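Q: Before I ask anything, let me first share the structure, which is written out below as C-alpha cells.
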Amino acid sequence: MKLFRIAANPSILHLVASKGITVAQGSELKLDEQSLITSQLIKKHAPAVDVADAAVVREKTAQLALTLDLARQGFEAGEPAATIVDRLAGRLHELRNQVNAAVWQQLIPLAQEHPVSAFLKQDPFTRWSFDKPRGYSGDASLLDIYYKHPSADEIVASSTELGREIYAYTSEAASSAAGRERRDILARTVDATAERVENAEVLAIACGHLREAELSRALAGKKLKRWVGLDQDPISVGIVNRDLAGTAVEAVDGSVKGILRRAYNLGTFDLVYASGLYDYLPRAVGIRLMQRAMEFVKPGGEFLFANFSDEITTDGYMETFMDWPLILRSADDMWDIINGSVDKNTVEAEVFYGTNRNIVYGVVRKHAE
Ligand SMILES: C[S@@+](CC[C@H](N)C(=O)[O-])C[C@H]1O[C@@H](n2cnc3c(N)ncnc32)[C@H](O)[C@@H]1O
C-alpha cells in the first residue's frame with residue numbers, strides 16, 4: 001500500500017495551517033489501490049493486452065508532433081486560446097480513438113514533454129490536475145476549480161492572462177459542464193429523498209468537499225437527520241467539517257477498501273451515493289462496492305452512482321496535459337455493474353444520461369419491506 005504523508009507536501013501544509021482545517025494528528029492519505037487514481041496505478045493494474053506496433057507508433061508520433069507544433073505556433077502568434085485548445089483537444093481525441101491502448105500510452109509522454117505544455121499549464125485547471133498537489137488525480141480542490149467555487153477564486157485570479165483565457169475554455173468544456181450538472185443532480189436527489197422520508201439519512205461515498213450540500217434545500221431547511229460524507233483524503237474531510245459545521249453533515253475518514261471489509265459501523269441510509277468515484281474503479285471493485293453499499297441502504301432507499309461516459313471528447317486532453325485518466329463507461333457498462341451486483345427481484349434499477357451525455361448515472365432502488 002502506498003502512503004503519502006501530508007507533511008511531505010509544503011503547499012498542502014500551508015493550506016491546512018492557514019485555512020483553519022482540522023486534520024487529525026498523524027493523519028496521512030493512504031491510497032488503498034482499490035480506486036486507480038493515478039496514471040501509475042492504472043498502469044500497474046491494467047491488463048496488458050495490446051501490443052504497440054512500431055510502424056503505427058512512428059506514424060502517430062509524427063501526426064502528434066504536427067498537432068502539438070500547430071498549437072504552440074497558435075499560442076506564439078496570439079491566436080485565441082479557445083480556438084487552439086478546442087482544435088488540440090479534438091485532435092487528441094481522434095488520435096486516442098485511432099490507436100490501441102499500448103500505442104496511446106507511448107504518445108502520452110510525448111505530448112506532456114512538448115513545449116506547448118508550458119502554455120497549457122498556465123490554465124489553473126490543467127496545472128492543478130497535472131501537478132497533483134494532493135498526490136492523486138481528481139481531488140476535490142480540482143473539482144472546486146471547474147465547479148467555479150469561491151474557494152478556487154484565488155488560484156484562478158493569480159493565473160496569467162493566457163491561463164485565465166484557457167481556463168475560460170476548459171471550465172466550459174462539455175465534461176466540465178456535465179460535472180457541474182452532476183453536483184446539481186446530487187443536491188436534487190438528496191432533496192427528493194427528504195421529500196420522500198422524514199428525517200432522511202444520506203451517505204456520500206468519496207464525498208470530496210461535498211459541494212452539493214451548498215445547493216441542497218433540504219439541508220438548509222433542516223429536513224435531514226444526518227448526511228454522512230466518507231472520503232480517503234483527511235484534508236477533504238477536514239474541509240467538509242469546517243465548511244458545514246453546525247449542519248446535519250458529518251464527514252469521516254474512510255476508504256473503499258474499508259467499506260469492502262465492512263470496517264465502518266455507519267448504520268443505514270435512505271440514500272447512498274458515489275459521485276466521482278466509479279470513474280476510478282475497475283469493474284470487479286465497482287461490483288463489490290455496490291454490493292456493500294446496498295447493505296447500507298434501508299428498504300425503500302436507493303443507491304446512485306455516476307460515471308463519466310465513453311462519449312466524452314476531452315479524454316485525450318485529460319490523459320495527456322492533465323494526466324487525468326478515467327475509466328469511461330457506457331449505459332451498457334453501468335447495467336453490467338448493476339446486474340453483477342444485485343438480485344433483480346429485490347430492486348428496481350434505471351440508467352440515464354445527463355443533459356450532454358458526458359456523464360451516465362445508475363440508480364438501484366430497494367423494494368420497501
Ligand atoms: C472526483 S472527487 C469527487 C468528489 C465529490 N464526490 C464530487 O462529486 O464532487 C473524487 C473523490 O474520491 C475520493 N476517493 C478516491 N478513491 C477513494 C477511495 N479508494 N476511498 C475513498 N475515497 C476515495 C477522493 O479522495 C476524492 O475526494
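By order in the C-alpha cells, chains are A, B, ...; within a chain, residues start at 1; ligands start at 1, following the order shown.
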Please identify all polymer residues within 6 Å of Leu271 in chain A, counting only C-alpha atoms, omitting same-chain residues fewer than 2 positions from it, and present them as a PyMOL selection string.
A: chain A and resi 202+269+301-303
Q: Store the residues picked out above in a file with all heavy atoms, as a PDB file, in the first residue's frame.
A:
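Result written to out-v8.pdb:
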```pdb
ATOM      1  N   VAL A 202     -28.515  10.256   4.795  1.00  0.00           N
ATOM      2  CA  VAL A 202     -27.822  10.210   3.488  1.00  0.00           C
ATOM      3  C   VAL A 202     -26.354   9.892   3.703  1.00  0.00           C
ATOM      4  O   VAL A 202     -25.743  10.384   4.656  1.00  0.00           O
ATOM      5  CB  VAL A 202     -27.956  11.584   2.773  1.00  0.00           C
ATOM      6  CG1 VAL A 202     -27.210  11.590   1.449  1.00  0.00           C
ATOM      7  CG2 VAL A 202     -29.422  11.955   2.563  1.00  0.00           C
ATOM      8  N   PHE A 269     -29.154   3.982   5.598  1.00  0.00           N
ATOM      9  CA  PHE A 269     -29.461   5.283   4.992  1.00  0.00           C
ATOM     10  C   PHE A 269     -30.610   5.159   3.986  1.00  0.00           C
ATOM     11  O   PHE A 269     -30.816   4.103   3.386  1.00  0.00           O
ATOM     12  CB  PHE A 269     -28.219   5.815   4.269  1.00  0.00           C
ATOM     13  CG  PHE A 269     -27.043   6.016   5.192  1.00  0.00           C
ATOM     14  CD1 PHE A 269     -26.180   4.952   5.476  1.00  0.00           C
ATOM     15  CD2 PHE A 269     -26.823   7.239   5.808  1.00  0.00           C
ATOM     16  CE1 PHE A 269     -25.107   5.120   6.347  1.00  0.00           C
ATOM     17  CE2 PHE A 269     -25.758   7.413   6.679  1.00  0.00           C
ATOM     18  CZ  PHE A 269     -24.894   6.351   6.947  1.00  0.00           C
ATOM     19  N   GLY A 301     -35.030   2.523   0.109  1.00  0.00           N
ATOM     20  CA  GLY A 301     -33.984   3.518  -0.182  1.00  0.00           C
ATOM     21  C   GLY A 301     -33.270   3.219  -1.494  1.00  0.00           C
ATOM     22  O   GLY A 301     -33.582   2.247  -2.188  1.00  0.00           O
ATOM     23  N   GLU A 302     -32.290   4.065  -1.831  1.00  0.00           N
ATOM     24  CA  GLU A 302     -31.632   3.860  -3.127  1.00  0.00           C
ATOM     25  C   GLU A 302     -30.137   4.153  -3.092  1.00  0.00           C
ATOM     26  O   GLU A 302     -29.652   4.885  -2.218  1.00  0.00           O
ATOM     27  CB  GLU A 302     -32.310   4.693  -4.222  1.00  0.00           C
ATOM     28  CG  GLU A 302     -32.184   6.190  -4.048  1.00  0.00           C
ATOM     29  CD  GLU A 302     -33.010   6.958  -5.074  1.00  0.00           C
ATOM     30  OE1 GLU A 302     -34.047   6.447  -5.529  1.00  0.00           O
ATOM     31  OE2 GLU A 302     -32.605   8.083  -5.415  1.00  0.00           O
ATOM     32  N   PHE A 303     -29.454   3.542  -4.064  1.00  0.00           N
ATOM     33  CA  PHE A 303     -28.032   3.795  -4.294  1.00  0.00           C
ATOM     34  C   PHE A 303     -27.891   4.416  -5.675  1.00  0.00           C
ATOM     35  O   PHE A 303     -28.430   3.904  -6.657  1.00  0.00           O
ATOM     36  CB  PHE A 303     -27.245   2.473  -4.237  1.00  0.00           C
ATOM     37  CG  PHE A 303     -25.785   2.632  -4.589  1.00  0.00           C
ATOM     38  CD1 PHE A 303     -24.934   3.355  -3.760  1.00  0.00           C
ATOM     39  CD2 PHE A 303     -25.260   2.064  -5.742  1.00  0.00           C
ATOM     40  CE1 PHE A 303     -23.582   3.518  -4.076  1.00  0.00           C
ATOM     41  CE2 PHE A 303     -23.912   2.214  -6.068  1.00  0.00           C
ATOM     42  CZ  PHE A 303     -23.077   2.944  -5.225  1.00  0.00           C
TER      43      PHE A 303
END
```
Q: Counting only C-alpha atoms and all ligand atoms, what residues are within 9 Å of ligand 1, given as an MDAnalysis selection string?
A: chainID A and resid 29:37 134 136:144 147 179:180 182:183 186 204:212 229:237 253:259 273:281 306
Q: Apply DSSP to the structure's backbone, then extract all residues of range 138-235 of chain A labelled helix (DSSP H, G or I) and return them as an MDAnalysis selection string.
A: chainID A and resid 140:147 150:157 161:170 174:196 211:215 217:220 234:235
Q: At most 8 Å is the cut-off: for each residue in range 212-317 of chain A with any atom that close to an atom of range 164-176 of chain A, write down the nearest atom pair and the distance in Å rounded to one decimal, counting only C-alpha atoms, chain first then increasing number, as CSV.
A:
```
residue,atom,partner,partner_atom,distance
A:Phe308,CA,A:Ser175,CA,8.0
A:Ile312,CA,A:Ser175,CA,6.6
A:Thr314,CA,A:Ser175,CA,6.9
```
Q: Using only C-alpha atoms, can you tell me which of A:Leu244, A:Val285, A:Trp324, A:Thr160 comes closest to Lys121 in chain A?
A: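 For Lys121 in chain A, the nearest of the given residues is A:Thr160.
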Q: Among the residues of range 80-253 of chain A, find those DSSP assigns to strand (DSSP E) from the backbone and print them as JSON, numbers by chain.
A: {"A": [200, 201, 202, 203, 204, 205, 224, 225, 226, 227, 228, 229, 230, 231, 249, 250, 251, 252, 253]}
Q: What's the 9 Å shell around Met318 in chain A, counting only C-alpha atoms, without same-chain residues fewer than 6 positions away, as a list in words?
A: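 Near neighbours after the sequence-gap exclusion: Ala89, Thr126, Ser129, Trp324, Pro325 and Leu326 of chain A.
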Q: Could you write those residues out with N, CA, C and O atoms, as a short mmCIF file (atom, residue, chain, number, x, y, z; two decimals), in the first residue's frame?
A:
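Everything below was put into result-v2.cif:
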```
data_model
loop_
_atom_site.label_atom_id
_atom_site.label_comp_id
_atom_site.auth_asym_id
_atom_site.auth_seq_id
_atom_site.Cartn_x
_atom_site.Cartn_y
_atom_site.Cartn_z
N ALA A 89 -7.69 19.61 -28.45
CA ALA A 89 -8.42 18.56 -27.72
C ALA A 89 -9.15 17.64 -28.71
O ALA A 89 -9.17 16.42 -28.52
N THR A 126 -5.76 22.87 -15.70
CA THR A 126 -4.80 21.92 -16.27
C THR A 126 -3.61 21.74 -15.32
O THR A 126 -3.17 20.62 -15.07
N SER A 129 -4.40 19.76 -12.08
CA SER A 129 -4.60 18.35 -12.40
C SER A 129 -3.26 17.66 -12.66
O SER A 129 -3.00 16.56 -12.16
N TRP A 324 -4.84 12.87 -16.27
CA TRP A 324 -6.07 12.55 -15.53
C TRP A 324 -6.86 11.48 -16.28
O TRP A 324 -7.89 11.76 -16.88
N PRO A 325 -6.36 10.23 -16.21
CA PRO A 325 -7.10 9.17 -16.90
C PRO A 325 -8.32 8.73 -16.10
O PRO A 325 -8.28 8.66 -14.88
N LEU A 326 -9.41 8.48 -16.80
CA LEU A 326 -10.65 8.00 -16.17
C LEU A 326 -11.05 6.68 -16.81
O LEU A 326 -10.73 6.43 -17.98
#
```
Q: Between CA of Ala213 in chain A and CA of Glu195 in chain A, what is the distance in Å, rounded to a tenth?
A: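 CA of Ala213 in chain A sits 15.8 Å away from CA of Glu195 in chain A.
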Q: Do a neighbour search on Ala248 in chain A at 12 Å with only C-alpha atoms, toss out local chain neighbours closer than 6 positions, and write the hits as a list in words.
A: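 Returned residues: Asn199, Ala200, Glu201, Val202, Leu203, Ala213, Ser216, Ala218, Leu219, Ala220, Gly221, Lys222, Lys223, Leu224, Lys225, Arg226, Trp227, Val228, Gly229, Val240 and Asn241 of chain A.
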Q: Include N, CA and C atoms and write out the residues we just selected as a short mmCIF file (atom, residue, chain, number, x, y, z; two decimals), in the first residue's frame.
A:
```
data_model
loop_
_atom_site.label_atom_id
_atom_site.label_comp_id
_atom_site.auth_asym_id
_atom_site.auth_seq_id
_atom_site.Cartn_x
_atom_site.Cartn_y
_atom_site.Cartn_z
N ASN A 199 -36.87 12.98 8.27
CA ASN A 199 -35.58 12.73 8.94
C ASN A 199 -34.67 11.83 8.10
N ALA A 200 -34.57 12.16 6.84
CA ALA A 200 -33.80 11.31 5.92
C ALA A 200 -32.33 11.24 6.33
N GLU A 201 -31.75 10.06 6.04
CA GLU A 201 -30.33 9.84 6.32
C GLU A 201 -29.63 9.56 5.00
N VAL A 202 -28.51 10.26 4.79
CA VAL A 202 -27.82 10.21 3.49
C VAL A 202 -26.35 9.89 3.70
N LEU A 203 -25.79 9.06 2.81
CA LEU A 203 -24.36 8.74 2.85
C LEU A 203 -23.73 9.04 1.50
N ALA A 213 -23.86 19.90 -1.04
CA ALA A 213 -24.59 20.27 0.19
C ALA A 213 -24.96 21.74 0.17
N SER A 216 -28.34 22.19 -1.50
CA SER A 216 -29.49 21.40 -1.04
C SER A 216 -30.46 22.24 -0.21
N ALA A 218 -33.01 20.88 1.29
CA ALA A 218 -33.33 20.05 2.45
C ALA A 218 -32.34 20.31 3.59
N LEU A 219 -31.07 20.46 3.26
CA LEU A 219 -30.07 20.71 4.32
C LEU A 219 -30.32 22.08 4.93
N ALA A 220 -30.53 23.08 4.06
CA ALA A 220 -30.76 24.44 4.57
C ALA A 220 -32.03 24.49 5.43
N GLY A 221 -33.04 23.69 5.02
CA GLY A 221 -34.31 23.70 5.75
C GLY A 221 -34.33 22.73 6.92
N LYS A 222 -33.15 22.19 7.28
CA LYS A 222 -33.00 21.26 8.43
C LYS A 222 -33.95 20.07 8.32
N LYS A 223 -34.09 19.56 7.10
CA LYS A 223 -35.02 18.43 6.88
C LYS A 223 -34.29 17.07 6.99
N LEU A 224 -32.97 17.10 7.14
CA LEU A 224 -32.23 15.84 7.16
C LEU A 224 -31.83 15.48 8.58
N LYS A 225 -31.88 14.18 8.86
CA LYS A 225 -31.40 13.73 10.18
C LYS A 225 -29.87 13.74 10.18
N ARG A 226 -29.28 13.19 9.12
CA ARG A 226 -27.82 13.23 9.00
C ARG A 226 -27.41 13.02 7.55
N TRP A 227 -26.28 13.62 7.22
CA TRP A 227 -25.71 13.48 5.87
C TRP A 227 -24.23 13.18 6.13
N VAL A 228 -23.88 11.91 6.00
CA VAL A 228 -22.52 11.48 6.31
C VAL A 228 -21.70 11.48 5.02
N GLY A 229 -20.54 12.07 5.07
CA GLY A 229 -19.61 12.03 3.94
C GLY A 229 -18.40 11.20 4.34
N VAL A 240 -14.84 19.67 4.76
CA VAL A 240 -16.30 19.48 4.90
C VAL A 240 -16.72 19.83 6.32
N ASN A 241 -15.98 19.30 7.30
CA ASN A 241 -16.38 19.53 8.70
C ASN A 241 -16.21 20.99 9.10
#
```
Q: I want to know what sits within 10 Å of Leu120 in chain A, based on only C-alpha atoms, with residues of the same chain fewer than 6 positions away left out; could you give that as number ranges by chain?
A: A: 71-72, 75, 81, 85, 126-127, 162-163, 166-167, 321-322
Q: Would you kindly return, as a list in words, each protein, DNA or RNA residue with an atom no farther than 12 Å from any atom of Arg262 in chain A, considering only C-alpha atoms and excluding same-chain residues fewer than 6 positions away?
A: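 Close residues of Arg262 in chain A: Gly254, Ser255, Val256, Arg288, Leu289, Gln291, Arg292, Ala293, Met294, Glu295 and Phe296 of chain A.
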Q: Based on the selection just made, write N, CA, C and O atoms of those residues as a CSV table (one decimal), in the first residue's frame.
A:
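See selection.csv below for the written result:
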```
chain,number,residue,atom,x,y,z
A,254,GLY,N,-12.4,7.5,5.6
A,254,GLY,CA,-12.7,6.1,5.2
A,254,GLY,C,-12.4,5.9,3.8
A,254,GLY,O,-12.3,6.8,2.9
A,255,SER,N,-12.2,4.6,3.4
A,255,SER,CA,-11.8,4.2,2.1
A,255,SER,C,-12.7,3.2,1.5
A,255,SER,O,-13.5,2.5,2.2
A,256,VAL,N,-12.6,3.0,0.2
A,256,VAL,CA,-13.4,1.9,-0.5
A,256,VAL,C,-12.9,0.6,0.1
A,256,VAL,O,-13.8,-0.3,0.4
A,288,ARG,N,-18.3,-5.0,-6.3
A,288,ARG,CA,-18.2,-5.3,-4.8
A,288,ARG,C,-18.6,-4.1,-4.0
A,288,ARG,O,-19.3,-4.3,-3.0
A,289,LEU,N,-18.2,-2.9,-4.5
A,289,LEU,CA,-18.6,-1.7,-3.7
A,289,LEU,C,-20.1,-1.6,-3.7
A,289,LEU,O,-20.7,-1.2,-2.7
A,291,GLN,N,-22.3,-3.9,-4.0
A,291,GLN,CA,-22.9,-4.9,-3.0
A,291,GLN,C,-22.8,-4.4,-1.6
A,291,GLN,O,-23.8,-4.5,-0.8
A,292,ARG,N,-21.7,-3.9,-1.2
A,292,ARG,CA,-21.5,-3.4,0.2
A,292,ARG,C,-22.4,-2.1,0.4
A,292,ARG,O,-23.0,-2.0,1.4
A,293,ALA,N,-22.4,-1.3,-0.6
A,293,ALA,CA,-23.2,0.0,-0.5
A,293,ALA,C,-24.7,-0.4,-0.3
A,293,ALA,O,-25.4,0.3,0.5
A,294,MET,N,-25.2,-1.4,-0.9
A,294,MET,CA,-26.6,-1.8,-0.8
A,294,MET,C,-26.9,-2.3,0.6
A,294,MET,O,-28.0,-2.2,1.1
A,295,GLU,N,-25.8,-2.8,1.3
A,295,GLU,CA,-26.1,-3.2,2.7
A,295,GLU,C,-26.3,-1.9,3.6
A,295,GLU,O,-26.9,-2.1,4.7
A,296,PHE,N,-25.9,-0.8,3.2
A,296,PHE,CA,-26.2,0.5,3.9
A,296,PHE,C,-27.5,1.1,3.6
A,296,PHE,O,-27.9,2.0,4.2
```
Q: Using only C-alpha atoms, which protein or nucleic acid residues come within 7 Å of range 339-351 of chain A? Drop anything in the same chain fewer than 2 positions from it, and give the result as a ChimeraX atom specification.
A: /A:287-288,290-291,331,335-337,361-367
Q: How about saving the chosen residues, all heavy atoms kept, as a tab-separated table (two decimals), in the first residue's frame?
A:
```
chain	number	residue	atom	x	y	z
A	287	ILE	N	-18.41	-3.57	-8.68
A	287	ILE	CA	-19.48	-4.51	-8.32
A	287	ILE	C	-19.46	-4.78	-6.82
A	287	ILE	O	-20.48	-4.71	-6.14
A	287	ILE	CB	-19.32	-5.82	-9.13
A	287	ILE	CG1	-19.72	-5.56	-10.59
A	287	ILE	CG2	-20.15	-6.96	-8.52
A	287	ILE	CD1	-19.52	-6.72	-11.53
A	288	ARG	N	-18.26	-5.04	-6.28
A	288	ARG	CA	-18.21	-5.35	-4.84
A	288	ARG	C	-18.62	-4.14	-4.00
A	288	ARG	O	-19.30	-4.27	-2.99
A	288	ARG	CB	-16.80	-5.83	-4.45
A	288	ARG	CG	-16.59	-7.29	-4.87
A	288	ARG	CD	-15.47	-7.94	-4.09
A	288	ARG	NE	-14.21	-7.30	-4.44
A	288	ARG	CZ	-13.24	-7.02	-3.58
A	288	ARG	NH1	-13.39	-7.32	-2.30
A	288	ARG	NH2	-12.13	-6.46	-3.98
A	290	MET	N	-20.75	-1.81	-4.89
A	290	MET	CA	-22.22	-1.66	-4.93
A	290	MET	C	-22.88	-2.67	-3.99
A	290	MET	O	-23.85	-2.35	-3.29
A	290	MET	CB	-22.75	-1.83	-6.35
A	290	MET	CG	-24.24	-1.53	-6.40
A	290	MET	SD	-25.00	-1.72	-8.00
A	290	MET	CE	-24.19	-0.47	-8.91
A	291	GLN	N	-22.34	-3.88	-3.95
A	291	GLN	CA	-22.92	-4.89	-3.04
A	291	GLN	C	-22.84	-4.42	-1.59
A	291	GLN	O	-23.80	-4.51	-0.83
A	291	GLN	CB	-22.19	-6.23	-3.21
A	291	GLN	CG	-22.54	-6.89	-4.54
A	291	GLN	CD	-21.63	-8.07	-4.88
A	291	GLN	OE1	-20.51	-8.17	-4.38
A	291	GLN	NE2	-22.12	-8.95	-5.74
A	331	ALA	N	-23.85	3.24	-21.02
A	331	ALA	CA	-25.04	2.79	-20.28
A	331	ALA	C	-24.98	1.27	-20.10
A	331	ALA	O	-25.31	0.75	-19.03
A	331	ALA	CB	-26.30	3.20	-21.04
A	335	TRP	N	-25.19	-0.95	-16.64
A	335	TRP	CA	-26.10	-2.09	-16.42
A	335	TRP	C	-25.32	-3.34	-16.03
A	335	TRP	O	-25.75	-4.14	-15.20
A	335	TRP	CB	-26.94	-2.38	-17.68
A	335	TRP	CG	-28.14	-1.49	-17.79
A	335	TRP	CD1	-28.42	-0.60	-18.78
A	335	TRP	CD2	-29.25	-1.44	-16.89
A	335	TRP	NE1	-29.62	0.02	-18.54
A	335	TRP	CE2	-30.15	-0.48	-17.38
A	335	TRP	CE3	-29.57	-2.09	-15.69
A	335	TRP	CZ2	-31.35	-0.16	-16.74
A	335	TRP	CZ3	-30.76	-1.78	-15.05
A	335	TRP	CH2	-31.64	-0.83	-15.56
A	336	ASP	N	-24.15	-3.50	-16.66
A	336	ASP	CA	-23.31	-4.67	-16.37
A	336	ASP	C	-22.92	-4.68	-14.88
A	336	ASP	O	-22.94	-5.72	-14.22
A	336	ASP	CB	-22.08	-4.59	-17.29
A	336	ASP	CG	-21.11	-5.71	-17.02
A	336	ASP	OD1	-21.55	-6.86	-16.95
A	336	ASP	OD2	-19.90	-5.42	-16.84
A	337	ILE	N	-22.56	-3.51	-14.36
A	337	ILE	CA	-22.20	-3.41	-12.93
A	337	ILE	C	-23.42	-3.69	-12.06
A	337	ILE	O	-23.36	-4.44	-11.08
A	337	ILE	CB	-21.58	-2.03	-12.61
A	337	ILE	CG1	-20.19	-1.95	-13.25
A	337	ILE	CG2	-21.49	-1.80	-11.10
A	337	ILE	CD1	-19.49	-0.63	-13.07
A	361	TYR	N	-25.58	7.86	-15.30
A	361	TYR	CA	-25.97	7.60	-13.91
A	361	TYR	C	-26.68	6.25	-13.80
A	361	TYR	O	-27.44	5.87	-14.71
A	361	TYR	CB	-26.95	8.69	-13.43
A	361	TYR	CG	-26.38	10.08	-13.44
A	361	TYR	CD1	-26.35	10.84	-14.62
A	361	TYR	CD2	-25.84	10.64	-12.29
A	361	TYR	CE1	-25.81	12.12	-14.65
A	361	TYR	CE2	-25.30	11.92	-12.30
A	361	TYR	CZ	-25.29	12.65	-13.49
A	361	TYR	OH	-24.74	13.91	-13.50
A	362	GLY	N	-26.45	5.58	-12.70
A	362	GLY	CA	-27.20	4.35	-12.39
A	362	GLY	C	-27.87	4.52	-11.04
A	362	GLY	O	-27.28	5.09	-10.11
A	363	VAL	N	-29.12	4.08	-10.95
A	363	VAL	CA	-29.85	4.14	-9.69
A	363	VAL	C	-30.43	2.76	-9.41
A	363	VAL	O	-31.03	2.14	-10.29
A	363	VAL	CB	-31.01	5.17	-9.74
A	363	VAL	CG1	-31.75	5.21	-8.40
A	363	VAL	CG2	-30.51	6.55	-10.10
A	364	VAL	N	-30.22	2.28	-8.18
A	364	VAL	CA	-30.77	0.99	-7.78
A	364	VAL	C	-31.62	1.23	-6.54
A	364	VAL	O	-31.12	1.72	-5.53
A	364	VAL	CB	-29.63	0.00	-7.46
A	364	VAL	CG1	-30.20	-1.35	-7.03
A	364	VAL	CG2	-28.71	-0.17	-8.66
A	365	ARG	N	-32.92	0.93	-6.65
A	365	ARG	CA	-33.85	1.15	-5.52
A	365	ARG	C	-34.24	-0.18	-4.89
A	365	ARG	O	-34.68	-1.08	-5.60
A	365	ARG	CB	-35.14	1.82	-6.01
A	365	ARG	CG	-34.95	3.24	-6.33
A	365	ARG	CD	-36.23	3.99	-6.69
A	365	ARG	NE	-35.79	5.21	-7.37
A	365	ARG	CZ	-35.66	5.33	-8.68
A	365	ARG	NH1	-35.98	4.34	-9.47
A	365	ARG	NH2	-35.21	6.46	-9.20
A	366	LYS	N	-34.10	-0.26	-3.57
A	366	LYS	CA	-34.51	-1.47	-2.84
A	366	LYS	C	-36.01	-1.45	-2.68
A	366	LYS	O	-36.58	-0.39	-2.38
A	366	LYS	CB	-33.88	-1.44	-1.44
A	366	LYS	CG	-32.89	-2.52	-1.19
A	366	LYS	CD	-32.45	-2.49	0.25
A	366	LYS	CE	-31.10	-3.16	0.34
A	366	LYS	NZ	-30.57	-3.15	1.69
A	367	HIS	N	-36.65	-2.59	-2.85
A	367	HIS	CA	-38.09	-2.65	-2.58
A	367	HIS	C	-38.35	-2.33	-1.11
A	367	HIS	O	-37.55	-2.70	-0.25
A	367	HIS	CB	-38.64	-4.05	-2.88
A	367	HIS	CG	-38.63	-4.36	-4.34
A	367	HIS	ND1	-38.67	-5.63	-4.84
A	367	HIS	CD2	-38.57	-3.54	-5.43
A	367	HIS	CE1	-38.65	-5.59	-6.16
A	367	HIS	NE2	-38.59	-4.33	-6.55
```
Q: Could you tell me which of A:Gln73, A:Thr268, A:Gln122, A:Thr320 comes closest to Ile155 in chain A if we count only C-alpha atoms?
A: A:Gln122
